[in-house]
file protein.cif (mmCIF, C-alpha atoms)
data_target
loop_
_atom_site.label_atom_id
_atom_site.label_comp_id
_atom_site.auth_asym_id
_atom_site.auth_seq_id
_atom_site.Cartn_x
_atom_site.Cartn_y
_atom_site.Cartn_z
CA MET Y 1 147.29 85.96 115.25
CA ASN Y 2 143.88 84.61 116.06
CA ALA Y 3 141.79 87.55 115.02
CA PRO Y 4 138.24 86.57 114.11
CA LEU Y 5 137.50 86.61 110.42
CA VAL Y 6 135.40 89.69 109.86
CA PRO Y 7 134.27 90.19 106.31
CA HIS Y 8 135.46 93.48 105.03
CA PRO Y 9 134.15 95.83 104.23
CA HIS Y 10 131.22 95.46 106.57
CA VAL Y 11 128.13 96.21 104.53
CA GLU Y 12 124.62 96.63 105.88
CA ALA Y 13 121.44 96.75 103.86
CA PHE Y 14 118.55 98.38 105.68
CA PHE Y 15 115.45 100.48 105.27
CA PHE Y 16 115.88 104.10 106.12
CA ASP Y 17 112.97 106.10 107.56
CA ALA Y 18 112.33 109.03 105.29
CA ASP Y 19 109.00 110.76 104.89
CA PRO Y 20 107.01 109.38 103.20
CA GLY Y 21 107.78 105.75 103.92
CA THR Y 22 111.19 104.14 103.85
CA ARG Y 23 114.20 103.99 101.56
CA PHE Y 24 116.36 101.02 100.75
CA SER Y 25 119.95 101.81 101.73
CA MET Y 26 123.36 100.23 101.84
CA TYR Y 27 125.92 101.32 104.41
CA TYR Y 28 129.59 100.47 103.94
CA ALA Y 29 131.51 100.78 107.20
CA PRO Y 30 135.03 102.21 106.91
CA ASP Y 31 137.88 99.74 107.22
CA PRO Y 32 138.76 99.79 110.94
CA ARG Y 33 142.42 99.22 110.08
CA GLN Y 34 142.52 102.56 108.28
CA GLN Y 35 142.49 106.03 109.70
CA SER Y 36 138.94 107.32 109.38
CA ARG Y 37 138.79 109.72 106.42
CA GLY Y 38 135.20 110.87 106.54
CA ALA Y 39 132.04 109.95 104.68
CA ILE Y 40 130.77 109.66 101.14
CA LEU Y 41 127.12 109.92 100.14
CA TYR Y 42 126.25 108.34 96.81
CA VAL Y 43 123.64 109.85 94.49
CA HIS Y 44 122.41 107.31 91.97
CA PRO Y 45 121.48 107.91 88.31
CA PHE Y 46 118.08 108.27 86.65
CA ALA Y 47 115.57 105.53 85.91
CA GLU Y 48 117.00 102.35 84.40
CA GLU Y 49 120.60 103.53 84.76
CA LEU Y 50 120.22 102.90 88.50
CA ASN Y 51 119.75 99.18 87.90
CA ARG Y 52 122.56 98.88 85.37
CA SER Y 53 125.09 100.69 87.53
CA ARG Y 54 124.49 98.95 90.86
CA ARG Y 55 127.48 96.66 90.53
CA MET Y 56 129.95 99.47 89.75
CA ALA Y 57 128.48 101.61 92.52
CA ALA Y 58 128.89 98.74 94.99
CA GLN Y 59 132.47 98.08 93.89
CA GLN Y 60 133.43 101.71 94.22
CA ALA Y 61 131.74 101.96 97.62
CA ARG Y 62 133.77 98.99 98.82
CA ALA Y 63 136.94 100.60 97.52
CA PHE Y 64 136.11 103.84 99.35
CA ALA Y 65 135.43 101.89 102.55
CA THR Y 66 138.83 100.23 102.19
CA LEU Y 67 140.37 103.70 102.08
CA GLY Y 68 138.70 104.55 105.39
CA TYR Y 69 135.46 106.24 104.25
CA ALA Y 70 131.97 105.45 105.51
CA VAL Y 71 129.72 105.20 102.46
CA LEU Y 72 125.94 105.39 102.23
CA GLN Y 73 123.92 104.52 99.16
CA ILE Y 74 120.21 105.28 99.29
CA ASP Y 75 117.55 104.47 96.71
CA LEU Y 76 115.64 107.71 96.37
CA PHE Y 77 111.85 107.92 96.62
CA GLY Y 78 110.18 106.04 93.80
CA CYS Y 79 113.46 104.53 92.67
CA GLY Y 80 114.97 101.07 92.91
CA ASP Y 81 113.91 99.19 96.00
CA SER Y 82 112.57 102.18 97.88
CA CYS Y 83 108.90 102.85 98.39
CA GLY Y 84 106.86 105.06 96.12
CA ASP Y 85 106.01 105.08 92.46
CA PHE Y 86 108.44 106.64 90.03
CA SER Y 87 105.50 108.76 88.87
CA ALA Y 88 105.30 110.30 92.35
CA ALA Y 89 109.00 111.14 92.47
CA ARG Y 90 110.03 114.77 92.61
CA TRP Y 91 113.42 116.47 92.49
CA SER Y 92 112.64 118.30 95.75
CA LEU Y 93 111.73 115.01 97.43
CA TRP Y 94 114.98 113.47 96.25
CA LYS Y 95 116.93 116.39 97.70
CA ARG Y 96 115.11 115.98 100.98
CA ASP Y 97 115.94 112.25 101.02
CA LEU Y 98 119.59 113.09 100.46
CA GLU Y 99 119.56 115.73 103.21
CA VAL Y 100 118.23 113.17 105.67
CA ALA Y 101 120.75 110.59 104.48
CA ARG Y 102 123.57 113.08 104.70
CA ASP Y 103 122.69 114.03 108.26
CA TRP Y 104 122.48 110.36 109.26
CA LEU Y 105 125.89 109.70 107.78
CA ALA Y 106 127.47 112.84 109.25
CA GLU Y 107 126.30 111.85 112.73
CA ARG Y 108 128.17 108.58 112.45
CA SER Y 109 131.22 109.85 110.63
CA PRO Y 110 132.72 113.13 111.70
CA GLY Y 111 135.11 114.59 109.23
CA PRO Y 112 134.88 115.49 105.57
CA MET Y 113 131.64 114.69 103.73
CA LEU Y 114 131.91 114.03 100.03
CA LEU Y 115 129.00 113.78 97.62
CA TRP Y 116 129.47 111.25 94.81
CA GLY Y 117 127.02 111.21 91.92
CA LEU Y 118 126.67 109.21 88.72
CA ARG Y 119 125.08 110.80 85.63
CA LEU Y 120 121.96 112.71 86.74
CA GLY Y 121 123.04 111.84 90.26
CA GLY Y 122 126.05 114.05 89.62
CA LEU Y 123 123.79 117.00 88.82
CA LEU Y 124 121.64 116.24 91.84
CA ALA Y 125 124.79 116.11 93.99
CA LEU Y 126 125.90 119.50 92.66
CA ASP Y 127 122.47 120.96 93.40
CA LEU Y 128 122.52 119.43 96.87
CA ALA Y 129 125.96 120.85 97.60
CA CYS Y 130 124.47 124.33 97.31
CA SER Y 131 122.29 123.84 100.36
CA VAL Y 132 123.97 121.27 102.62
CA PRO Y 133 127.51 121.21 104.00
CA ALA Y 134 129.83 119.25 101.70
CA ASP Y 135 133.59 119.16 101.44
CA GLY Y 136 133.93 117.91 97.91
CA LEU Y 137 132.22 116.27 94.97
CA VAL Y 138 132.94 113.24 92.85
CA LEU Y 139 131.08 113.22 89.56
CA TRP Y 140 130.92 110.22 87.26
CA GLN Y 141 130.01 111.17 83.68
CA PRO Y 142 127.69 113.84 85.03
CA TYR Y 143 124.85 115.53 83.24
CA LEU Y 144 125.60 119.22 83.58
CA ASN Y 145 122.08 120.21 82.78
CA GLY Y 146 118.86 118.36 83.34
CA ARG Y 147 117.44 119.10 79.93
CA THR Y 148 120.05 116.89 78.26
CA CYS Y 149 119.15 114.06 80.62
CA ILE Y 150 115.45 114.30 79.79
CA ASN Y 151 116.21 114.54 76.05
CA GLN Y 152 118.32 111.39 76.23
CA PHE Y 153 115.65 109.65 78.27
CA LEU Y 154 113.03 110.50 75.66
CA ARG Y 155 115.41 109.34 72.93
CA GLN Y 156 115.15 105.83 74.32
CA GLN Y 157 111.68 105.75 72.79
CA LEU Y 158 113.12 106.62 69.38
CA ALA Y 159 115.79 103.97 69.86
CA ALA Y 160 113.16 101.41 70.85
CA ARG Y 161 111.25 102.20 67.69
CA LEU Y 162 114.44 101.81 65.65
CA LEU Y 163 115.08 98.38 67.16
CA ASP Y 164 111.46 97.39 66.57
CA GLY Y 165 111.80 97.65 62.79
CA GLU Y 166 110.73 101.29 62.76
CA ARG Y 167 107.13 100.34 63.42
CA GLY Y 168 104.88 102.79 65.16
CA VAL Y 169 104.36 106.48 64.80
CA PRO Y 170 107.57 108.30 64.14
CA ARG Y 171 108.22 110.64 67.00
CA SER Y 172 110.62 113.33 67.86
CA THR Y 173 111.59 114.34 71.37
CA ALA Y 174 109.82 117.62 70.60
CA THR Y 175 106.48 115.90 69.99
CA MET Y 176 107.09 113.72 73.03
CA ARG Y 177 107.62 116.81 75.13
CA ALA Y 178 104.40 118.29 73.73
CA ARG Y 179 102.55 115.12 74.69
CA LEU Y 180 104.12 115.28 78.12
CA ALA Y 181 102.85 118.83 78.54
CA THR Y 182 99.28 118.07 77.43
CA GLN Y 183 98.89 114.67 79.05
CA GLY Y 184 100.92 115.36 82.18
CA GLN Y 185 102.92 112.15 81.87
CA LEU Y 186 104.62 109.87 79.38
CA GLU Y 187 105.70 106.21 79.44
CA VAL Y 188 109.25 105.58 78.34
CA GLY Y 189 110.98 102.25 78.70
CA GLY Y 190 108.63 101.18 81.46
CA TYR Y 191 109.04 104.40 83.44
CA THR Y 192 106.26 106.96 83.87
CA LEU Y 193 107.80 110.38 83.49
CA THR Y 194 105.61 113.14 84.86
CA ALA Y 195 105.60 116.68 83.52
CA GLU Y 196 106.44 117.94 87.02
CA LEU Y 197 109.54 115.82 87.37
CA ALA Y 198 110.67 116.57 83.80
CA HIS Y 199 110.18 120.28 84.34
CA ALA Y 200 112.13 120.24 87.59
CA ILE Y 201 114.99 118.32 86.02
CA ASP Y 202 114.94 120.53 82.90
CA SER Y 203 115.44 123.60 85.02
CA VAL Y 204 118.66 122.45 86.71
CA ASP Y 205 121.77 123.88 85.10
CA ALA Y 206 125.09 123.27 86.81
CA LEU Y 207 126.76 126.25 85.20
CA HIS Y 208 124.86 128.71 87.37
CA LEU Y 209 124.56 126.79 90.61
CA PRO Y 210 125.83 128.65 93.69
CA LEU Y 211 128.38 125.95 94.51
CA PRO Y 212 130.52 126.09 97.64
CA ALA Y 213 134.28 126.55 97.35
CA VAL Y 214 135.18 122.87 97.31
CA PRO Y 215 137.14 120.51 95.06
CA VAL Y 216 135.14 118.79 92.34
CA HIS Y 217 136.47 115.63 90.72
CA TRP Y 218 134.76 115.15 87.36
CA PHE Y 219 135.37 111.76 85.75
CA ALA Y 220 134.51 111.70 82.07
CA SER Y 221 134.01 108.07 81.25
CA GLY Y 222 132.02 105.90 78.92
CA GLY Y 223 134.12 105.90 75.81
CA PRO Y 224 137.16 107.23 74.04
CA ALA Y 225 138.14 110.82 74.75
CA GLY Y 226 135.34 113.14 73.78
CA SER Y 227 136.22 116.60 72.60
CA ARG Y 228 132.90 118.10 73.54
CA GLN Y 229 132.94 117.02 77.16
CA ALA Y 230 136.51 118.24 77.66
CA ALA Y 231 135.54 121.64 76.20
CA ALA Y 232 132.52 121.75 78.50
CA ALA Y 233 134.72 120.96 81.48
CA GLU Y 234 136.94 123.91 80.67
CA ARG Y 235 133.95 126.20 80.49
CA PHE Y 236 132.53 124.92 83.73
CA GLY Y 237 135.90 125.01 85.43
CA ALA Y 238 136.32 128.67 84.57
CA GLN Y 239 132.80 129.59 85.70
CA TRP Y 240 132.97 127.57 88.89
CA ALA Y 241 136.41 128.96 89.74
CA ARG Y 242 134.69 132.28 90.39
CA ARG Y 243 132.99 130.57 93.32
CA GLY Y 244 136.23 129.05 94.55
CA VAL Y 245 135.61 125.60 93.10
CA THR Y 246 138.70 123.66 92.06
CA LEU Y 247 137.78 121.42 89.19
CA HIS Y 248 139.81 118.28 88.55
CA TYR Y 249 138.86 116.77 85.23
CA HIS Y 250 139.78 113.14 84.64
CA GLN Y 251 139.36 111.50 81.27
CA VAL Y 252 138.90 107.75 81.69
CA ASP Y 253 138.42 105.51 78.69
CA GLY Y 254 135.87 102.93 79.70
CA LEU Y 255 132.57 101.20 79.16
CA PRO Y 256 129.38 103.22 79.76
CA PHE Y 257 128.26 100.65 82.30
CA TRP Y 258 125.09 102.60 83.18
CA ALA Y 259 123.79 101.81 79.69
CA SER Y 260 125.08 98.27 79.38
CA PRO Y 261 122.56 95.44 79.84
CA ASP Y 262 125.12 93.19 81.49
CA THR Y 263 126.51 93.77 84.95
CA ALA Y 264 129.45 95.58 83.49
CA GLU Y 265 132.57 96.62 85.30
CA CYS Y 266 134.87 99.48 84.43
CA ARG Y 267 138.12 98.80 86.23
CA THR Y 268 139.82 101.91 84.85
CA LEU Y 269 137.20 104.17 86.41
CA LEU Y 270 137.41 102.38 89.78
CA ASP Y 271 141.20 102.76 89.78
CA ALA Y 272 141.15 106.40 88.70
CA THR Y 273 138.51 107.35 91.26
CA GLY Y 274 140.27 105.52 94.07
CA ALA Y 275 143.56 107.19 93.21
CA ALA Y 276 142.04 110.68 93.09
CA ILE Y 277 140.22 110.28 96.39
CA ALA Y 278 143.20 108.67 98.11
CA ALA Y 279 145.24 111.70 97.12
CA MET Y 280 142.73 114.17 98.56
CA GLN Y 281 144.09 116.05 101.53
CA PRO Y 282 142.03 115.36 104.67
CA MET D 1 136.36 104.53 54.35
CA HIS D 2 136.83 107.60 56.45
CA HIS D 3 136.03 107.43 60.20
CA TYR D 4 135.17 103.72 59.96
CA ASP D 5 137.80 102.60 62.47
CA LYS D 6 136.86 105.28 64.97
CA VAL D 7 133.14 104.63 64.67
CA LYS D 8 133.75 100.90 65.06
CA HIS D 9 135.86 101.58 68.15
CA ILE D 10 133.19 103.81 69.66
CA VAL D 11 130.43 101.26 69.04
CA GLY D 12 132.60 98.53 70.53
CA ALA D 13 133.56 100.64 73.53
CA SER D 14 129.94 101.64 74.14
CA LEU D 15 128.74 98.04 74.07
CA GLY D 16 131.72 96.40 75.74
CA LEU D 17 132.23 94.27 72.65
CA GLN D 18 135.28 93.09 70.83
CA MET D 19 134.33 94.20 67.38
CA ALA D 20 136.56 91.75 65.51
CA HIS D 21 133.66 89.48 64.63
CA LEU D 22 131.43 92.32 63.48
CA GLY D 23 132.33 93.22 59.92
CA PRO D 24 131.45 96.51 58.25
CA ASP D 25 128.24 95.10 56.80
CA ALA D 26 127.15 92.87 59.67
CA ALA D 27 123.66 93.74 60.90
CA LEU D 28 123.60 95.79 64.09
CA LEU D 29 119.87 96.13 64.68
CA GLY D 30 118.22 93.08 66.17
CA SER D 31 121.42 91.03 65.91
CA VAL D 32 123.50 92.43 68.74
CA PRO D 33 121.89 91.67 72.12
CA GLU D 34 123.98 94.33 73.86
CA LEU D 35 122.45 96.95 71.59
CA ASP D 36 119.19 97.72 73.35
CA SER D 37 117.46 101.10 73.42
CA LEU D 38 119.52 102.42 76.32
CA ALA D 39 122.71 101.33 74.57
CA VAL D 40 121.63 102.94 71.28
CA VAL D 41 121.16 106.28 73.06
CA GLY D 42 124.62 105.81 74.59
CA VAL D 43 126.23 105.10 71.21
CA ILE D 44 124.62 108.22 69.76
CA ALA D 45 125.84 110.32 72.68
CA ALA D 46 129.37 108.91 72.33
CA LEU D 47 129.42 109.67 68.59
CA GLU D 48 128.12 113.18 69.22
CA ASP D 49 130.71 113.79 71.90
CA HIS D 50 133.62 112.40 69.95
CA PHE D 51 132.90 113.91 66.56
CA GLY D 52 131.27 117.11 67.82
CA ILE D 53 128.13 116.44 65.82
CA ALA D 54 124.45 116.72 66.78
CA VAL D 55 122.30 113.78 65.74
CA GLU D 56 118.74 114.89 64.95
CA ASP D 57 115.78 112.76 66.06
CA GLU D 58 114.79 111.91 62.50
CA GLU D 59 118.33 110.69 61.82
CA ILE D 60 117.86 107.87 64.33
CA CYS D 61 116.76 105.48 61.61
CA ALA D 62 117.64 102.07 60.21
CA ARG D 63 119.29 103.61 57.15
CA HIS D 64 122.03 105.02 59.38
CA PHE D 65 122.18 102.42 62.12
CA ALA D 66 121.91 99.23 60.06
CA THR D 67 125.63 98.44 60.04
CA VAL D 68 128.88 99.94 61.27
CA ARG D 69 129.60 100.97 57.68
CA SER D 70 126.30 102.84 57.35
CA LEU D 71 126.95 104.51 60.69
CA ALA D 72 130.40 105.63 59.56
CA GLU D 73 128.92 106.99 56.35
CA PHE D 74 126.32 108.87 58.37
CA VAL D 75 129.04 110.42 60.53
CA GLN D 76 130.92 111.40 57.38
CA GLU D 77 127.77 113.07 56.01
CA LYS D 78 127.37 115.03 59.25
CA LEU D 79 130.95 116.21 59.21
CA ASP D 80 131.10 117.10 55.56
CA PRO D 81 127.58 117.65 54.19
#
call {"tool": "encode", "arguments": {"input": "protein.cif", "output": "structure tokens"}}
result
Amino acid sequence: MNAPLVPHPHVEAFFFDADPGTRFSMYYAPDPRQQSRGAILYVHPFAEELNRSRRMAAQQARAFATLGYAVLQIDLFGCGDSCGDFSAARWSLWKRDLEVARDWLAERSPGPMLLWGLRLGGLLALDLACSVPADGLVLWQPYLNGRTCINQFLRQQLAARLLDGERGVPRSTATMRARLATQGQLEVGGYTLTAELAHAIDSVDALHLPLPAVPVHWFASGGPAGSRQAAAAERFGAQWARRGVTLHYHQVDGLPFWASPDTAECRTLLDATGAAIAAMQP
Amino acid sequence: MHHYDKVKHIVGASLGLQMAHLGPDAALLGSVPELDSLAVVGVIAALEDHFGIAVEDEEICARHFATVRSLAEFVQEKLDP
């Protein structure tokens, strides 16, 4: 057979028009040898976790494309390689970016649309699913409420102080939050967190979101089996079931690559996610 | 000592490190390049999740995080004050 060698999957990096400005995006075309299975929109994590998780996100996107999914990854406003300052980012702007991206993807790929989010991206995906058509969710180590995400983000400052020989004014996340309220913004790990963004994120709680009746695949990863997360999943599963959500909870022992300074890979998570999605009924 | 193996496993899993070369009293802070501020927050979260404890802000200190041994002792304190 003399078929031309076409690299697969076919991946395109481009700048997406989204008001204001543009967004850096990566599109993974579905494997043409597979039956088309639909589309997957990726929602990336918060602040520095975006950079640390790029490799895993790319590997998973490729794996999805090999299954027959079209995948779109978009750097949200003020994040990554997209335009805008992080200090100008807003939760509502991010949702709008994702709505535009979702529509773009849906136009090109009829069929089921899955939202796939990592960490805070998981919470953002859940929130998004309440207002745009989605046929399922894939959550990687999701934050189930924004407040925990902001607390952990602020904790980085305490950790930095610890690593710096405990120099500097001892702080608590409570005093940091007070500073955030009075000053309107706070620098943490090179990121300028605004009070507006923190407040918006704080107010998102997945337990009470009006989710659609779709399957949700929640992958708990980033370490040995945690009792607390499993208990939370049960609680959420029960609450969400009232809305017709079917929760599939997967415990995957693996490296928390979103926090690892190296370009870390978590093969177990890639395999588990691929298997779960491959088994999804079209 | 109690919980030492589990704590060591969690630290290793969080950092993607084989912990064989890190003994109970080997320095963690400033000596392990993988342990930056983002990783520290991750280790704390993993310990909290696994042991069902809540680490307070003021407990994020060198006394607890100096070595794997001191971390295990801290966890023990939290579980059985």
call {"tool": "residues_around", "arguments": {"input": "protein.cif", "residues": "Val55 in chain D", "least_positions_apart": "2", "cutoff": "10 Å", "atoms": "all atoms listed in the file", "output": "JSON, numbers by chain"}}
result
{"D": [44, 45, 47, 48, 52, 53, 57, 58, 59, 60, 74, 75, 78]}
call {"tool": "interface_residues", "arguments": {"input": "protein.cif", "of": "chain D", "to": "chain Y", "cutoff": "12 Å", "atoms": "only C-alpha atoms", "output": "PyMOL selection string"}}
result
chain D and resi 6-18+27-66
call {"tool": "resolve_selection", "arguments": {"input": "protein.cif", "expression": "the PyMOL selection byres ((chain Y and resi 66) around 8)", "output": "PyMOL selection string"}}
result
chain Y and resi 9+30-31+34+62-65+67-69
call {"tool": "atom_distance", "arguments": {"input": "protein.cif", "atom1": "CA of Trp104 in chain Y", "atom2": "CA of Met26 in chain Y"}}
result
12.6 Å
call {"tool": "atom_distance", "arguments": {"input": "protein.cif", "atom1": "CA of Leu144 in chain Y", "atom2": "CA of Ser131 in chain Y"}}
result
17.7 Å
call {"tool": "closest_residue", "arguments": {"input": "protein.cif", "among": "Y:Arg235, Y:His44, Y:His250, Y:Arg243", "to": "Leu211 in chain Y", "atoms": "only C-alpha atoms"}}
result
Y:Arg243
call {"tool": "atom_distance", "arguments": {"input": "protein.cif", "atom1": "CA of Met113 in chain Y", "atom2": "CA of Ala134 in chain Y"}}
result
5.3 Å
call {"tool": "residues_near_point", "arguments": {"input": "protein.cif", "point": "(106.1, 108.0, 80.6)", "cutoff": "10 Å", "atoms": "all atoms listed in the file", "output": "PyMOL selection string"}}
result
chain Y and resi 86-87+153-154+157+176+179-180+183-195
call {"tool": "resolve_selection", "arguments": {"input": "protein.cif", "expression": "the PyMOL selection byres ((chain Y and resi 209) around 12)", "output": "ChimeraX atom specification"}}
result
/Y:123-131,144-145,203-208,210-213,236,239-240,242-243,245
call {"tool": "residues_near_point", "arguments": {"input": "protein.cif", "point": "(110.4, 121.2, 82.6)", "cutoff": "10 Å", "atoms": "only C-alpha atoms", "output": "list in words"}}
result
Gly146, Arg147, Ile150, Arg177, Leu180, Ala181, Thr194, Ala195, Glu196, Leu197, Ala198, His199, Ala200, Ile201, Asp202, Ser203 and Val204 of chain Y
call {"tool": "resolve_selection", "arguments": {"input": "protein.cif", "expression": "the PyMOL selection byres ((chain Y and resi 140) around 8)", "output": "list of chain:residue names"}}
result
Y:Trp116, Y:Gly117, Y:Leu118, Y:Arg119, Y:Gly122, Y:Val138, Y:Leu139, Y:Gln141, Y:Pro142, Y:Trp218, Y:Phe219, Y:Ala220, Y:Ser221
call {"tool": "closest_residue", "arguments": {"input": "protein.cif", "among": "Y:Gly136, Y:Val252, Y:Lys95, Y:Pro110", "to": "Val214 in chain Y", "atoms": "only C-alpha atoms"}}
result
Y:Gly136
call {"tool": "residues_around", "arguments": {"input": "protein.cif", "residues": "Leu98 in chain Y", "least_positions_apart": "6", "cutoff": "9 Å", "atoms": "all atoms listed in the file", "output": "VMD selection string"}}
result
chain Y and resid 41 to 43 74 76 125 128
call {"tool": "axis_aligned_box", "arguments": {"input": "protein.cif", "around": "range 25-28 of chain D", "padding_each_side": "6 Å", "output": "JSON"}}
result
{"center_x": 125.9, "center_y": 94.3, "center_z": 60.4, "size_x": 16.6, "size_y": 14.9, "size_z": 19.3}
call {"tool": "decode", "arguments": {"input": "protein.cif", "residues": "range 12-20 of chain D", "atoms": "all heavy atoms", "output": "PDB file, in the first residue's frame"}}
result
ATOM      1  N   GLY D  12       6.720  10.467  48.349  1.00  0.00           N
ATOM      2  CA  GLY D  12       7.329   9.944  47.133  1.00  0.00           C
ATOM      3  C   GLY D  12       6.383   9.999  45.949  1.00  0.00           C
ATOM      4  O   GLY D  12       6.748  10.426  44.854  1.00  0.00           O
ATOM      5  N   ALA D  13       5.137   9.593  46.183  1.00  0.00           N
ATOM      6  CA  ALA D  13       4.137   9.585  45.113  1.00  0.00           C
ATOM      7  C   ALA D  13       3.826  11.002  44.661  1.00  0.00           C
ATOM      8  O   ALA D  13       3.596  11.261  43.479  1.00  0.00           O
ATOM      9  CB  ALA D  13       2.872   8.872  45.576  1.00  0.00           C
ATOM     10  N   SER D  14       3.795  11.937  45.590  1.00  0.00           N
ATOM     11  CA  SER D  14       3.491  13.328  45.245  1.00  0.00           C
ATOM     12  C   SER D  14       4.610  13.950  44.411  1.00  0.00           C
ATOM     13  O   SER D  14       4.360  14.820  43.586  1.00  0.00           O
ATOM     14  CB  SER D  14       3.299  14.168  46.502  1.00  0.00           C
ATOM     15  OG  SER D  14       2.199  13.700  47.248  1.00  0.00           O
ATOM     16  N   LEU D  15       5.840  13.543  44.672  1.00  0.00           N
ATOM     17  CA  LEU D  15       6.977  14.163  44.002  1.00  0.00           C
ATOM     18  C   LEU D  15       7.493  13.342  42.835  1.00  0.00           C
ATOM     19  O   LEU D  15       8.384  13.784  42.113  1.00  0.00           O
ATOM     20  CB  LEU D  15       8.118  14.386  45.007  1.00  0.00           C
ATOM     21  CG  LEU D  15       7.772  15.204  46.251  1.00  0.00           C
ATOM     22  CD1 LEU D  15       9.000  15.365  47.138  1.00  0.00           C
ATOM     23  CD2 LEU D  15       7.227  16.576  45.862  1.00  0.00           C
ATOM     24  N   GLY D  16       6.954  12.147  42.661  1.00  0.00           N
ATOM     25  CA  GLY D  16       7.446  11.284  41.593  1.00  0.00           C
ATOM     26  C   GLY D  16       8.856  10.806  41.879  1.00  0.00           C
ATOM     27  O   GLY D  16       9.670  10.678  40.978  1.00  0.00           O
ATOM     28  N   LEU D  17       9.139  10.572  43.141  1.00  0.00           N
ATOM     29  CA  LEU D  17      10.485  10.177  43.553  1.00  0.00           C
ATOM     30  C   LEU D  17      10.499   8.755  44.092  1.00  0.00           C
ATOM     31  O   LEU D  17       9.587   8.365  44.809  1.00  0.00           O
ATOM     32  CB  LEU D  17      10.985  11.069  44.682  1.00  0.00           C
ATOM     33  CG  LEU D  17      11.443  12.494  44.377  1.00  0.00           C
ATOM     34  CD1 LEU D  17      11.866  13.157  45.673  1.00  0.00           C
ATOM     35  CD2 LEU D  17      12.584  12.488  43.384  1.00  0.00           C
ATOM     36  N   GLN D  18      11.552   8.050  43.780  1.00  0.00           N
ATOM     37  CA  GLN D  18      11.830   6.827  44.513  1.00  0.00           C
ATOM     38  C   GLN D  18      12.427   7.266  45.837  1.00  0.00           C
ATOM     39  O   GLN D  18      13.404   7.986  45.864  1.00  0.00           O
ATOM     40  CB  GLN D  18      12.857   5.963  43.754  1.00  0.00           C
ATOM     41  CG  GLN D  18      12.367   5.436  42.425  1.00  0.00           C
ATOM     42  CD  GLN D  18      11.104   4.605  42.567  1.00  0.00           C
ATOM     43  OE1 GLN D  18      10.959   3.819  43.501  1.00  0.00           O
ATOM     44  NE2 GLN D  18      10.179   4.777  41.642  1.00  0.00           N
ATOM     45  N   MET D  19      11.824   6.870  46.899  1.00  0.00           N
ATOM     46  CA  MET D  19      12.246   7.424  48.185  1.00  0.00           C
ATOM     47  C   MET D  19      13.379   6.632  48.853  1.00  0.00           C
ATOM     48  O   MET D  19      13.769   6.931  49.963  1.00  0.00           O
ATOM     49  CB  MET D  19      11.040   7.485  49.134  1.00  0.00           C
ATOM     50  CG  MET D  19       9.975   8.462  48.680  1.00  0.00           C
ATOM     51  SD  MET D  19      10.519  10.193  48.710  1.00  0.00           S
ATOM     52  CE  MET D  19      10.313  10.560  50.460  1.00  0.00           C
ATOM     53  N   ALA D  20      13.880   5.614  48.146  1.00  0.00           N
ATOM     54  CA  ALA D  20      14.888   4.747  48.772  1.00  0.00           C
ATOM     55  C   ALA D  20      16.086   5.529  49.292  1.00  0.00           C
ATOM     56  O   ALA D  20      16.642   5.224  50.345  1.00  0.00           O
ATOM     57  CB  ALA D  20      15.340   3.680  47.786  1.00  0.00           C
TER      58      ALA D  20
END
